[in-house]
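Remarks on the structure that follows.
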Amino acid sequence: MLHLINKSPFESMALEDCLKYASKGSAIMLYEDGIYAALAGSSLEGRMSGVASDYKVYVLKEDLQLRGIDKLIAGVTEVDYAGFVDLVGEHKTASW
């Protein structure tokens, strides 16, 4: 399962709701404002480090660039649009 999160964890419970139901080893794709969950140095870094060890966490590279973010939590993988499309093609998806 690929869980799609596009809302900031500082303004929405989408990430936390996802984590309540996602099976360990599932993939989580952060895009649009959801990418803020992967920001190194944020108040969520400790929480997300644990998430990245239990799940495959991806972040959309183009959204990082648009927001000027270049420091990610360890264990988070950047993918471009083509990689995003590949992930969607490989998994069933759930949007949060």
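Chain lettering (A, B, ...) mirrors the order of the structure tokens, residue numbering begins at 1 for each chain separately, and ligand numbering begins at 1 in order of display.
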Near A:Arg47, counting only C-alpha atoms, which residues have an atom at most 12 Å away, once you skip same-chain residues fewer than 3 positions from it, shown as a tab-separated table (two decimals) with N, CA and C atoms, in the first residue's frame?
chain	number	residue	atom	x	y	z
A	9	PRO	N	1.92	18.41	8.36
A	9	PRO	CA	1.64	17.81	9.66
A	9	PRO	C	1.46	18.85	10.76
A	15	LEU	N	-1.15	12.80	8.56
A	15	LEU	CA	-0.03	11.88	8.79
A	15	LEU	C	-0.32	10.97	9.97
A	16	GLU	N	-0.77	11.52	11.07
A	16	GLU	CA	-1.07	10.70	12.25
A	16	GLU	C	-2.20	9.72	11.98
A	19	LEU	N	-0.75	6.86	9.98
A	19	LEU	CA	0.10	5.96	10.77
A	19	LEU	C	-0.71	5.04	11.68
A	37	ALA	N	6.80	17.24	6.79
A	37	ALA	CA	7.01	16.16	7.77
A	37	ALA	C	8.42	15.59	7.69
A	38	ALA	N	9.07	15.75	6.55
A	38	ALA	CA	10.41	15.17	6.34
A	38	ALA	C	11.54	16.16	6.58
A	39	LEU	N	11.22	17.35	7.04
A	39	LEU	CA	12.21	18.41	7.21
A	39	LEU	C	13.10	18.15	8.42
A	40	ALA	N	14.40	18.05	8.18
A	40	ALA	CA	15.37	17.89	9.27
A	40	ALA	C	15.38	19.15	10.12
A	41	GLY	N	15.47	18.98	11.42
A	41	GLY	CA	15.53	20.11	12.34
A	41	GLY	C	14.18	20.60	12.81
A	42	SER	N	13.11	20.01	12.31
A	42	SER	CA	11.77	20.44	12.75
A	42	SER	C	11.41	19.73	14.06
A	43	SER	N	10.32	20.16	14.65
A	43	SER	CA	9.86	19.54	15.89
A	43	SER	C	9.40	18.10	15.67
A	44	LEU	N	9.21	17.69	14.43
A	44	LEU	CA	8.79	16.32	14.12
A	44	LEU	C	9.95	15.39	13.78
A	50	GLY	N	11.63	7.72	13.51
A	50	GLY	CA	11.03	6.43	13.82
A	50	GLY	C	10.13	5.93	12.71
A	51	VAL	N	9.37	6.83	12.13
A	51	VAL	CA	8.49	6.47	11.01
A	51	VAL	C	9.33	5.96	9.84
A	52	ALA	N	10.43	6.65	9.55
A	52	ALA	CA	11.29	6.26	8.42
A	52	ALA	C	11.96	4.91	8.65
A	53	SER	N	12.07	4.48	9.89
A	53	SER	CA	12.64	3.15	10.14
A	53	SER	C	11.59	2.04	10.01
A	54	ASP	N	10.31	2.39	10.14
A	54	ASP	CA	9.23	1.40	10.05
A	54	ASP	C	8.53	1.37	8.69
A	73	ILE	N	15.21	14.41	6.84
A	73	ILE	CA	15.45	13.41	7.87
A	73	ILE	C	16.07	12.18	7.22
A	74	ALA	N	17.02	11.57	7.90
A	74	ALA	CA	17.66	10.35	7.38
A	74	ALA	C	16.60	9.28	7.15
Residues near A:Ile5, cut-off 9 Å, only C-alpha atoms, skip fewer than 2 positions along chain, as a ChimeraX atom specification: /A:3,7-8,14-15,18,28-35,94-96
Could you name the residues that touch stretch 77-79 of chain A at 8 Å or less, counting only C-alpha atoms, but leaving out those on the same chain fewer than 3 positions away, as an mmCIF file with N, CA and C atoms, in the first residue's frame?
data_model
loop_
_atom_site.group_PDB
_atom_site.id
_atom_site.type_symbol
_atom_site.label_atom_id
_atom_site.label_comp_id
_atom_site.auth_asym_id
_atom_site.auth_seq_id
_atom_site.Cartn_x
_atom_site.Cartn_y
_atom_site.Cartn_z
ATOM 1 N N VAL A 57 9.563 5.831 3.309
ATOM 2 C CA VAL A 57 9.063 7.200 3.188
ATOM 3 C C VAL A 57 9.711 7.870 1.977
ATOM 4 N N TYR A 58 8.855 8.402 1.118
ATOM 5 C CA TYR A 58 9.296 9.104 -0.085
ATOM 6 C C TYR A 58 8.803 10.546 -0.028
ATOM 7 N N VAL A 59 9.544 11.419 -0.691
ATOM 8 C CA VAL A 59 9.156 12.817 -0.777
ATOM 9 C C VAL A 59 9.377 13.283 -2.211
ATOM 10 N N LEU A 60 8.453 14.103 -2.701
ATOM 11 C CA LEU A 60 8.538 14.573 -4.076
ATOM 12 C C LEU A 60 9.598 15.667 -4.198
ATOM 13 N N LYS A 61 10.602 15.387 -4.976
ATOM 14 C CA LYS A 61 11.755 16.273 -5.150
ATOM 15 C C LYS A 61 11.350 17.662 -5.631
ATOM 16 N N ALA A 82 8.413 11.198 -12.249
ATOM 17 C CA ALA A 82 8.409 9.865 -12.872
ATOM 18 C C ALA A 82 8.456 8.777 -11.801
ATOM 19 N N GLY A 83 9.245 8.990 -10.764
ATOM 20 C CA GLY A 83 9.318 8.038 -9.659
ATOM 21 C C GLY A 83 8.004 7.941 -8.907
ATOM 22 N N PHE A 84 7.328 9.080 -8.751
ATOM 23 C CA PHE A 84 6.011 9.120 -8.110
ATOM 24 C C PHE A 84 5.026 8.278 -8.914
#
Please indicate the distance in Å from atom CA of A:Leu72 to atom CA of A:Ser49, rounded to one decimal place. 10.1 Å
When distances are computed from only C-alpha atoms, which of A:Lys92, A:Arg67, A:Gly25, A:Asp80 shows the smallest separation from A:Leu4?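 The shortest atom-to-atom distance to A:Leu4 comes from A:Lys92.
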